[in-house]
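**Student:** Take a look at start.pdb, PDB, C-alpha atoms:
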```
ATOM      1  CA  MET P 533       1.075 121.771  58.674  1.00  0.00           C
ATOM      2  CA  LYS P 534      -0.744 120.273  55.734  1.00  0.00           C
ATOM      3  CA  VAL P 535       2.401 118.548  54.572  1.00  0.00           C
ATOM      4  CA  LYS P 536       2.988 117.022  57.986  1.00  0.00           C
ATOM      5  CA  THR P 537      -0.610 115.830  58.213  1.00  0.00           C
ATOM      6  CA  GLN P 538      -0.394 114.256  54.786  1.00  0.00           C
ATOM      7  CA  SER P 539       2.889 112.591  55.721  1.00  0.00           C
ATOM      8  CA  LYS P 540       1.343 111.140  58.877  1.00  0.00           C
ATOM      9  CA  LYS P 541      -1.573 109.805  56.858  1.00  0.00           C
ATOM     10  CA  VAL P 542       0.762 108.182  54.347  1.00  0.00           C
ATOM     11  CA  ASN P 543       2.916 106.647  57.086  1.00  0.00           C
ATOM     12  CA  LYS P 544      -0.139 105.342  58.918  1.00  0.00           C
ATOM     13  CA  SER P 545      -1.528 103.860  55.698  1.00  0.00           C
ATOM     14  CA  TRP P 546       1.807 102.189  54.882  1.00  0.00           C
ATOM     15  CA  LEU P 547       2.118 100.803  58.407  1.00  0.00           C
ATOM     16  CA  ASN P 548      -1.429  99.423  58.262  1.00  0.00           C
ATOM     17  CA  ASP P 549      -0.753  97.751  54.898  1.00  0.00           C
ATOM     18  CA  HIS P 550       2.569  96.387  56.164  1.00  0.00           C
ATOM     19  CA  VAL P 551       1.139  94.886  59.360  1.00  0.00           C
ATOM     20  CA  ASN P 552      -1.693  93.207  57.435  1.00  0.00           C
ATOM     21  CA  ASP P 553       0.492  92.080  54.517  1.00  0.00           C
ATOM     22  CA  PRO P 554       0.265  88.266  54.167  1.00  0.00           C
ATOM     23  CA  TYR P 555       3.932  88.061  53.120  1.00  0.00           C
ATOM     24  CA  VAL P 556       4.995  89.994  56.228  1.00  0.00           C
ATOM     25  CA  LYS P 557       3.057  87.545  58.374  1.00  0.00           C
ATOM     26  CA  LEU P 558       4.493  84.581  56.477  1.00  0.00           C
ATOM     27  CA  ALA P 559       8.033  85.937  56.850  1.00  0.00           C
ATOM     28  CA  GLN P 560       7.542  86.227  60.599  1.00  0.00           C
ATOM     29  CA  LYS P 561       6.154  82.700  60.750  1.00  0.00           C
ATOM     30  CA  GLU P 562       8.944  81.145  58.636  1.00  0.00           C
ATOM     31  CA  GLY P 563      11.803  83.091  60.213  1.00  0.00           C
ATOM     32  CA  TYR P 564      12.740  85.421  57.373  1.00  0.00           C
ATOM     33  CA  ARG P 565      14.048  88.894  58.178  1.00  0.00           C
ATOM     34  CA  ALA P 566      11.957  90.526  55.439  1.00  0.00           C
ATOM     35  CA  ARG P 567       9.103  89.738  53.061  1.00  0.00           C
ATOM     36  CA  ALA P 568      11.598  90.184  50.198  1.00  0.00           C
ATOM     37  CA  ALA P 569      12.530  86.513  50.599  1.00  0.00           C
ATOM     38  CA  TYR P 570       9.341  85.537  48.771  1.00  0.00           C
ATOM     39  CA  LYS P 571      10.243  87.627  45.729  1.00  0.00           C
ATOM     40  CA  LEU P 572      13.432  85.632  45.257  1.00  0.00           C
ATOM     41  CA  LYS P 573      11.575  82.419  46.098  1.00  0.00           C
ATOM     42  CA  GLU P 574       9.114  82.946  43.242  1.00  0.00           C
ATOM     43  CA  ILE P 575      11.893  83.883  40.803  1.00  0.00           C
ATOM     44  CA  ASN P 576      13.910  80.814  41.756  1.00  0.00           C
ATOM     45  CA  GLU P 577      10.954  78.430  41.629  1.00  0.00           C
ATOM     46  CA  THR P 578      10.271  79.708  38.103  1.00  0.00           C
ATOM     47  CA  LEU P 579      13.841  79.558  36.781  1.00  0.00           C
ATOM     48  CA  ASN P 580      15.729  77.172  39.141  1.00  0.00           C
ATOM     49  CA  LEU P 581      18.719  79.484  39.560  1.00  0.00           C
ATOM     50  CA  ILE P 582      19.838  78.404  43.049  1.00  0.00           C
ATOM     51  CA  ARG P 583      20.690  74.780  43.798  1.00  0.00           C
ATOM     52  CA  PRO P 584      22.866  72.781  46.201  1.00  0.00           C
ATOM     53  CA  GLY P 585      26.570  72.745  45.348  1.00  0.00           C
ATOM     54  CA  MET P 586      26.538  76.175  43.731  1.00  0.00           C
ATOM     55  CA  VAL P 587      28.588  79.293  44.407  1.00  0.00           C
ATOM     56  CA  VAL P 588      26.162  82.183  44.959  1.00  0.00           C
ATOM     57  CA  VAL P 589      26.889  85.857  45.672  1.00  0.00           C
ATOM     58  CA  ASP P 590      24.264  88.143  47.250  1.00  0.00           C
ATOM     59  CA  LEU P 591      24.935  91.837  46.502  1.00  0.00           C
ATOM     60  CA  GLY P 592      23.328  94.385  48.819  1.00  0.00           C
ATOM     61  CA  SER P 593      22.411  91.549  51.165  1.00  0.00           C
ATOM     62  CA  ALA P 594      21.299  93.383  54.338  1.00  0.00           C
ATOM     63  CA  PRO P 595      19.110  92.686  56.265  1.00  0.00           C
ATOM     64  CA  GLY P 596      19.637  89.158  54.932  1.00  0.00           C
ATOM     65  CA  ALA P 597      16.311  87.748  53.737  1.00  0.00           C
ATOM     66  CA  TRP P 598      17.667  86.800  50.293  1.00  0.00           C
ATOM     67  CA  SER P 599      20.693  85.138  51.875  1.00  0.00           C
ATOM     68  CA  GLN P 600      18.390  83.272  54.270  1.00  0.00           C
ATOM     69  CA  TYR P 601      16.284  81.934  51.402  1.00  0.00           C
ATOM     70  CA  THR P 602      19.360  81.045  49.324  1.00  0.00           C
ATOM     71  CA  ARG P 603      20.904  79.273  52.290  1.00  0.00           C
ATOM     72  CA  ARG P 604      17.815  77.082  52.631  1.00  0.00           C
ATOM     73  CA  CYS P 605      17.939  76.247  48.911  1.00  0.00           C
ATOM     74  CA  MET P 606      21.504  75.010  49.355  1.00  0.00           C
ATOM     75  CA  ALA P 607      20.863  72.971  52.506  1.00  0.00           C
ATOM     76  CA  PRO P 608      19.471  69.430  52.813  1.00  0.00           C
ATOM     77  CA  GLN P 609      15.679  69.561  53.229  1.00  0.00           C
ATOM     78  CA  GLY P 610      15.830  73.348  53.130  1.00  0.00           C
ATOM     79  CA  ALA P 611      17.197  73.660  56.656  1.00  0.00           C
ATOM     80  CA  ALA P 612      17.707  77.157  58.069  1.00  0.00           C
ATOM     81  CA  VAL P 613      20.714  75.966  60.089  1.00  0.00           C
ATOM     82  CA  GLY P 614      23.240  73.145  59.913  1.00  0.00           C
ATOM     83  CA  GLU P 615      24.848  71.657  56.842  1.00  0.00           C
ATOM     84  CA  LEU P 616      25.276  73.820  53.747  1.00  0.00           C
ATOM     85  CA  ASP P 617      26.099  72.344  50.316  1.00  0.00           C
ATOM     86  CA  GLY P 618      27.872  75.066  48.366  1.00  0.00           C
ATOM     87  CA  THR P 619      29.283  78.533  48.995  1.00  0.00           C
ATOM     88  CA  LEU P 620      27.174  81.602  49.738  1.00  0.00           C
ATOM     89  CA  ILE P 621      28.869  84.997  49.956  1.00  0.00           C
ATOM     90  CA  ALA P 622      26.905  88.090  50.993  1.00  0.00           C
ATOM     91  CA  LEU P 623      28.145  91.660  50.547  1.00  0.00           C
ATOM     92  CA  ASP P 624      26.766  94.989  51.742  1.00  0.00           C
ATOM     93  CA  ILE P 625      28.026  98.391  52.847  1.00  0.00           C
ATOM     94  CA  LEU P 626      25.595  98.058  55.769  1.00  0.00           C
ATOM     95  CA  PRO P 627      26.071  95.619  58.659  1.00  0.00           C
ATOM     96  CA  MET P 628      24.164  92.323  58.560  1.00  0.00           C
ATOM     97  CA  ALA P 629      23.486  89.931  61.425  1.00  0.00           C
ATOM     98  CA  ALA P 630      25.243  86.605  60.947  1.00  0.00           C
ATOM     99  CA  ILE P 631      23.567  83.711  59.115  1.00  0.00           C
ATOM    100  CA  GLU P 632      25.058  80.289  59.741  1.00  0.00           C
ATOM    101  CA  GLY P 633      27.270  79.147  56.867  1.00  0.00           C
ATOM    102  CA  VAL P 634      27.080  82.486  55.023  1.00  0.00           C
ATOM    103  CA  HIS P 635      30.309  84.429  54.426  1.00  0.00           C
ATOM    104  CA  PHE P 636      29.495  88.118  54.957  1.00  0.00           C
ATOM    105  CA  LEU P 637      31.785  90.874  53.689  1.00  0.00           C
ATOM    106  CA  GLN P 638      30.921  94.402  54.792  1.00  0.00           C
ATOM    107  CA  GLY P 639      32.028  97.146  52.438  1.00  0.00           C
ATOM    108  CA  ASP P 640      31.753  98.361  48.849  1.00  0.00           C
ATOM    109  CA  PHE P 641      32.456  95.423  46.521  1.00  0.00           C
ATOM    110  CA  ARG P 642      34.416  97.782  44.254  1.00  0.00           C
ATOM    111  CA  GLU P 643      36.983  98.466  46.985  1.00  0.00           C
ATOM    112  CA  PRO P 644      40.272  96.526  46.596  1.00  0.00           C
ATOM    113  CA  GLU P 645      40.126  95.224  50.177  1.00  0.00           C
ATOM    114  CA  VAL P 646      36.655  93.729  49.689  1.00  0.00           C
ATOM    115  CA  THR P 647      37.577  92.377  46.248  1.00  0.00           C
ATOM    116  CA  THR P 648      40.620  90.633  47.738  1.00  0.00           C
ATOM    117  CA  GLN P 649      38.487  89.002  50.443  1.00  0.00           C
ATOM    118  CA  LEU P 650      35.974  87.881  47.812  1.00  0.00           C
ATOM    119  CA  ILE P 651      38.658  86.376  45.582  1.00  0.00           C
ATOM    120  CA  ASP P 652      40.085  84.506  48.573  1.00  0.00           C
ATOM    121  CA  LEU P 653      36.658  83.018  49.350  1.00  0.00           C
ATOM    122  CA  LEU P 654      36.072  82.058  45.710  1.00  0.00           C
ATOM    123  CA  ALA P 655      39.442  80.275  45.642  1.00  0.00           C
ATOM    124  CA  GLY P 656      39.612  80.264  41.859  1.00  0.00           C
ATOM    125  CA  ARG P 657      35.969  79.265  41.316  1.00  0.00           C
ATOM    126  CA  SER P 658      33.465  81.073  39.126  1.00  0.00           C
ATOM    127  CA  VAL P 659      30.123  82.186  40.536  1.00  0.00           C
ATOM    128  CA  ASN P 660      27.020  80.297  39.411  1.00  0.00           C
ATOM    129  CA  THR P 661      24.431  82.901  40.390  1.00  0.00           C
ATOM    130  CA  VAL P 662      24.589  86.545  41.459  1.00  0.00           C
ATOM    131  CA  ILE P 663      21.507  87.961  43.184  1.00  0.00           C
ATOM    132  CA  SER P 664      21.067  91.682  43.817  1.00  0.00           C
ATOM    133  CA  ASP P 665      18.269  93.358  45.743  1.00  0.00           C
ATOM    134  CA  MET P 666      20.263  96.604  45.827  1.00  0.00           C
ATOM    135  CA  ALA P 667      18.290  99.844  45.743  1.00  0.00           C
ATOM    136  CA  PRO P 668      19.239 103.465  46.406  1.00  0.00           C
ATOM    137  CA  ASN P 669      17.827 105.655  49.142  1.00  0.00           C
ATOM    138  CA  LEU P 670      14.923 107.260  47.295  1.00  0.00           C
ATOM    139  CA  SER P 671      14.650 111.047  47.115  1.00  0.00           C
ATOM    140  CA  GLY P 672      11.200 111.181  45.529  1.00  0.00           C
ATOM    141  CA  ILE P 673      12.676 112.888  42.449  1.00  0.00           C
ATOM    142  CA  GLU P 674      11.959 110.336  39.721  1.00  0.00           C
ATOM    143  CA  SER P 675      14.812 111.231  37.354  1.00  0.00           C
ATOM    144  CA  ALA P 676      17.415 111.221  40.149  1.00  0.00           C
ATOM    145  CA  ASP P 677      16.112 107.979  41.651  1.00  0.00           C
ATOM    146  CA  ALA P 678      16.050 106.286  38.230  1.00  0.00           C
ATOM    147  CA  ALA P 679      19.651 107.342  37.596  1.00  0.00           C
ATOM    148  CA  ARG P 680      20.789 105.989  40.981  1.00  0.00           C
ATOM    149  CA  MET P 681      18.957 102.719  40.401  1.00  0.00           C
ATOM    150  CA  ALA P 682      20.433 102.350  36.912  1.00  0.00           C
ATOM    151  CA  HIS P 683      23.914 102.895  38.330  1.00  0.00           C
ATOM    152  CA  LEU P 684      23.445 100.075  40.851  1.00  0.00           C
ATOM    153  CA  VAL P 685      22.166  97.724  38.140  1.00  0.00           C
ATOM    154  CA  GLU P 686      25.160  98.593  35.948  1.00  0.00           C
ATOM    155  CA  LEU P 687      27.497  97.806  38.857  1.00  0.00           C
ATOM    156  CA  ALA P 688      25.782  94.448  39.359  1.00  0.00           C
ATOM    157  CA  VAL P 689      26.161  93.626  35.649  1.00  0.00           C
ATOM    158  CA  GLU P 690      29.854  94.578  35.758  1.00  0.00           C
ATOM    159  CA  PHE P 691      30.329  92.360  38.803  1.00  0.00           C
ATOM    160  CA  ALA P 692      28.534  89.477  37.078  1.00  0.00           C
ATOM    161  CA  VAL P 693      30.632  89.788  33.916  1.00  0.00           C
ATOM    162  CA  SER P 694      33.795  89.645  36.046  1.00  0.00           C
ATOM    163  CA  HIS P 695      32.819  86.682  38.227  1.00  0.00           C
ATOM    164  CA  LEU P 696      30.062  84.562  36.623  1.00  0.00           C
ATOM    165  CA  SER P 697      30.612  81.213  34.959  1.00  0.00           C
ATOM    166  CA  PRO P 698      29.670  81.199  31.241  1.00  0.00           C
ATOM    167  CA  GLN P 699      26.232  79.705  31.978  1.00  0.00           C
ATOM    168  CA  GLY P 700      25.735  81.718  35.171  1.00  0.00           C
ATOM    169  CA  ALA P 701      22.781  83.934  36.050  1.00  0.00           C
ATOM    170  CA  LEU P 702      22.205  87.422  37.431  1.00  0.00           C
ATOM    171  CA  VAL P 703      19.034  88.601  39.202  1.00  0.00           C
ATOM    172  CA  VAL P 704      18.627  92.353  39.819  1.00  0.00           C
ATOM    173  CA  LYS P 705      15.944  94.643  41.137  1.00  0.00           C
ATOM    174  CA  VAL P 706      14.891  97.536  38.896  1.00  0.00           C
ATOM    175  CA  PHE P 707      12.177 100.198  38.833  1.00  0.00           C
ATOM    176  CA  HIS P 708       9.789 100.111  35.889  1.00  0.00           C
ATOM    177  CA  GLY P 709       9.880 103.674  34.618  1.00  0.00           C
ATOM    178  CA  SER P 710      12.482 106.110  33.358  1.00  0.00           C
ATOM    179  CA  GLY P 711      15.565 104.258  32.118  1.00  0.00           C
ATOM    180  CA  TYR P 712      13.983 100.802  32.332  1.00  0.00           C
ATOM    181  CA  SER P 713      14.216 100.031  28.609  1.00  0.00           C
ATOM    182  CA  GLN P 714      17.925 100.919  28.625  1.00  0.00           C
ATOM    183  CA  LEU P 715      18.540  98.455  31.457  1.00  0.00           C
ATOM    184  CA  VAL P 716      16.702  95.707  29.567  1.00  0.00           C
ATOM    185  CA  LYS P 717      18.921  96.494  26.556  1.00  0.00           C
ATOM    186  CA  LEU P 718      22.020  96.269  28.767  1.00  0.00           C
ATOM    187  CA  PHE P 719      20.922  92.802  29.842  1.00  0.00           C
ATOM    188  CA  LYS P 720      20.167  91.732  26.267  1.00  0.00           C
ATOM    189  CA  ASP P 721      23.622  92.919  25.219  1.00  0.00           C
ATOM    190  CA  THR P 722      25.211  90.940  28.064  1.00  0.00           C
ATOM    191  CA  PHE P 723      23.166  87.736  28.415  1.00  0.00           C
ATOM    192  CA  LYS P 724      21.823  85.094  26.031  1.00  0.00           C
ATOM    193  CA  VAL P 725      18.489  84.805  27.883  1.00  0.00           C
ATOM    194  CA  VAL P 726      16.741  87.781  29.519  1.00  0.00           C
ATOM    195  CA  LYS P 727      13.542  87.497  31.562  1.00  0.00           C
ATOM    196  CA  PRO P 728      11.733  90.400  33.264  1.00  0.00           C
ATOM    197  CA  ILE P 729       9.694  89.171  36.256  1.00  0.00           C
ATOM    198  CA  LYS P 730       7.173  90.856  38.570  1.00  0.00           C
ATOM    199  CA  PRO P 731       6.774  88.460  41.539  1.00  0.00           C
ATOM    200  CA  LYS P 732       3.429  88.301  43.329  1.00  0.00           C
ATOM    201  CA  ALA P 733       5.208  89.278  46.549  1.00  0.00           C
ATOM    202  CA  SER P 734       6.191  92.584  44.937  1.00  0.00           C
ATOM    203  CA  ARG P 735       3.387  95.002  45.796  1.00  0.00           C
ATOM    204  CA  SER P 736       1.101  95.724  42.853  1.00  0.00           C
ATOM    205  CA  ASN P 737       1.256  99.502  43.409  1.00  0.00           C
ATOM    206  CA  SER P 738       5.064  99.451  43.326  1.00  0.00           C
ATOM    207  CA  SER P 739       7.179 100.115  40.221  1.00  0.00           C
ATOM    208  CA  GLU P 740       9.581  97.442  41.498  1.00  0.00           C
ATOM    209  CA  ASN P 741      10.421  94.756  38.987  1.00  0.00           C
ATOM    210  CA  PHE P 742      13.227  92.223  38.479  1.00  0.00           C
ATOM    211  CA  ILE P 743      15.358  91.289  35.490  1.00  0.00           C
ATOM    212  CA  VAL P 744      17.093  87.941  35.154  1.00  0.00           C
ATOM    213  CA  GLY P 745      19.962  87.336  32.755  1.00  0.00           C
ATOM    214  CA  ILE P 746      21.217  83.790  32.055  1.00  0.00           C
ATOM    215  CA  GLY P 747      24.332  82.791  30.112  1.00  0.00           C
ATOM    216  CA  LEU P 748      26.976  85.378  29.312  1.00  0.00           C
ATOM    217  CA  LYS P 749      27.377  86.340  25.667  1.00  0.00           C
TER     218      LYS P 749
END
```
With the file now loaded, output its structure as structure tokens.
**Tutor:**
Amino acid sequence: MKVKTQSKKVNKSWLNDHVNDPYVKLAQKEGYRARAAYKLKEINETLNLIRPGMVVVDLGSAPGAWSQYTRRCMAPQGAAVGELDGTLIALDILPMAAIEGVHFLQGDFREPEVTTQLIDLLAGRSVNTVISDMAPNLSGIESADAARMAHLVELAVEFAVSHLSPQGALVVKVFHGSGYSQLVKLFKDTFKVVKPIKPKASRSNSSENFIVGIGLK
């Protein structure tokens, strides 16, 4: 019973924080599906990774907040609908509600069928920026969760190496803890410029962090 009571307290505390979170309120006001949009917004405003005319791929895109923000970056006057200057491809194993102008592929991007669809959409073009907010379902066992997270980051790096233009960029989510230094090393071995970023929209009590790699070695 104690465990259940504690769980209820934790859930109630999280729900209270979530409802009163200024980024949650802002996301609702500005039409984003999740507060995560503001994490990418801060990263992009710092490094200018997403611009009109680009080819951008969003890995682990559901529910779609990062694709929504990217879409606005690639549209005249930041419009949420209407004309889109560039190509935005979103991929996830989970379903995602449609976003105007965004090509959504549901499935594992390692599967041949999904890869074929992606190559068809790219039509011989390289990708300018890959963004990945992928994260595993957390078990609460730190070593297992860190290993799952590292695996997803490694997959994103492999994808980027296969599809990025020479000066392209990769943004990934990581957890600052076990295995973090190895992931930073992986980025330094792969990219000319590596920048760890902790956006303000990422909760201060969270180990969530982001790594950006620019320019393939």
**Student:** What do you get, as a list in words, if you spell out every residue that the PyMOL selection byres ((chain P and resi 599) around 9) selects here?
**Tutor:**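 Taken on the displayed file, the PyMOL selection byres ((chain P and resi 599) around 9) yields the residues Ala569, Val589, Asp590, Ser593, Ala594, Pro595, Gly596, Ala597, Trp598, Gln600, Tyr601, Thr602, Arg603, Arg604, Leu620, Ile621, Ala622, Ile631 and Val634 of chain P.
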**Student:** Of the candidates P:Leu581, P:Leu591, P:Met628, P:Val706, which shows the shortest atom-to-atom distance to P:Ile729, using all atoms listed in the file?
**Tutor:**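 Checking each candidate against P:Ile729, we get P:Val706 as the closest.
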**Student:** Compare P:Glu645, P:Asp640, P:Glu686, P:Asp553 by their minimum atom-to-atom distance to P:Pro627, counting all atoms listed in the file, and give me the closest one.
**Tutor:**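 Using all atoms listed in the file, P:Pro627 sits closest to P:Asp640.
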**Student:** Excluding same-chain residues fewer than 6 positions from P:Ser710, what lies within 12 Å of it counting all atoms listed in the file, as an MDAnalysis selection string?
**Tutor:** chainID P and resid 673:682 716 739
**Student:** Put those residues in a file: C-alpha atoms, as an mmCIF file, in the frame of the given file.
**Tutor:**
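So the final result, stored in selection-v3.cif, reads:
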```cif
data_model
loop_
_atom_site.group_PDB
_atom_site.id
_atom_site.type_symbol
_atom_site.label_atom_id
_atom_site.label_comp_id
_atom_site.auth_asym_id
_atom_site.auth_seq_id
_atom_site.Cartn_x
_atom_site.Cartn_y
_atom_site.Cartn_z
ATOM 1 C CA ILE P 673 12.676 112.888 42.449
ATOM 2 C CA GLU P 674 11.959 110.336 39.721
ATOM 3 C CA SER P 675 14.812 111.231 37.354
ATOM 4 C CA ALA P 676 17.415 111.221 40.149
ATOM 5 C CA ASP P 677 16.112 107.979 41.651
ATOM 6 C CA ALA P 678 16.050 106.286 38.230
ATOM 7 C CA ALA P 679 19.651 107.342 37.596
ATOM 8 C CA ARG P 680 20.789 105.989 40.981
ATOM 9 C CA MET P 681 18.957 102.719 40.401
ATOM 10 C CA ALA P 682 20.433 102.350 36.912
ATOM 11 C CA VAL P 716 16.702 95.707 29.567
ATOM 12 C CA SER P 739 7.179 100.115 40.221
#
```
**Student:** Could you tell me which residues the PyMOL selection byres ((chain P and resi 662) around 9) returns for this structure, as a list in words?
**Tutor:**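 Going through the file, the PyMOL selection byres ((chain P and resi 662) around 9) ends up selecting Val587, Val588, Val589, Asp590, Leu591, Val659, Asn660, Thr661, Ile663, Ser664, Ala688, Phe691, Ala692, His695, Leu696, Gly700, Ala701, Leu702, Val703 and Val704 of chain P.
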**Student:** Quick one: residues within 10 Å of (24.2, 77.9, 62.2) (file frame), counting only C-alpha atoms, please, as number ranges by chain.
**Tutor:** P: 611-616, 630-634
**Student:** Find the residue from P:Phe707, P:Asp721, P:Asp665, P:Val685 that sits nearest to P:Leu572; use all atoms listed in the file when measuring.
**Tutor:**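 Of P:Phe707, P:Asp721, P:Asp665, P:Val685, the one nearest P:Leu572, counting all atoms listed in the file, is P:Asp665.
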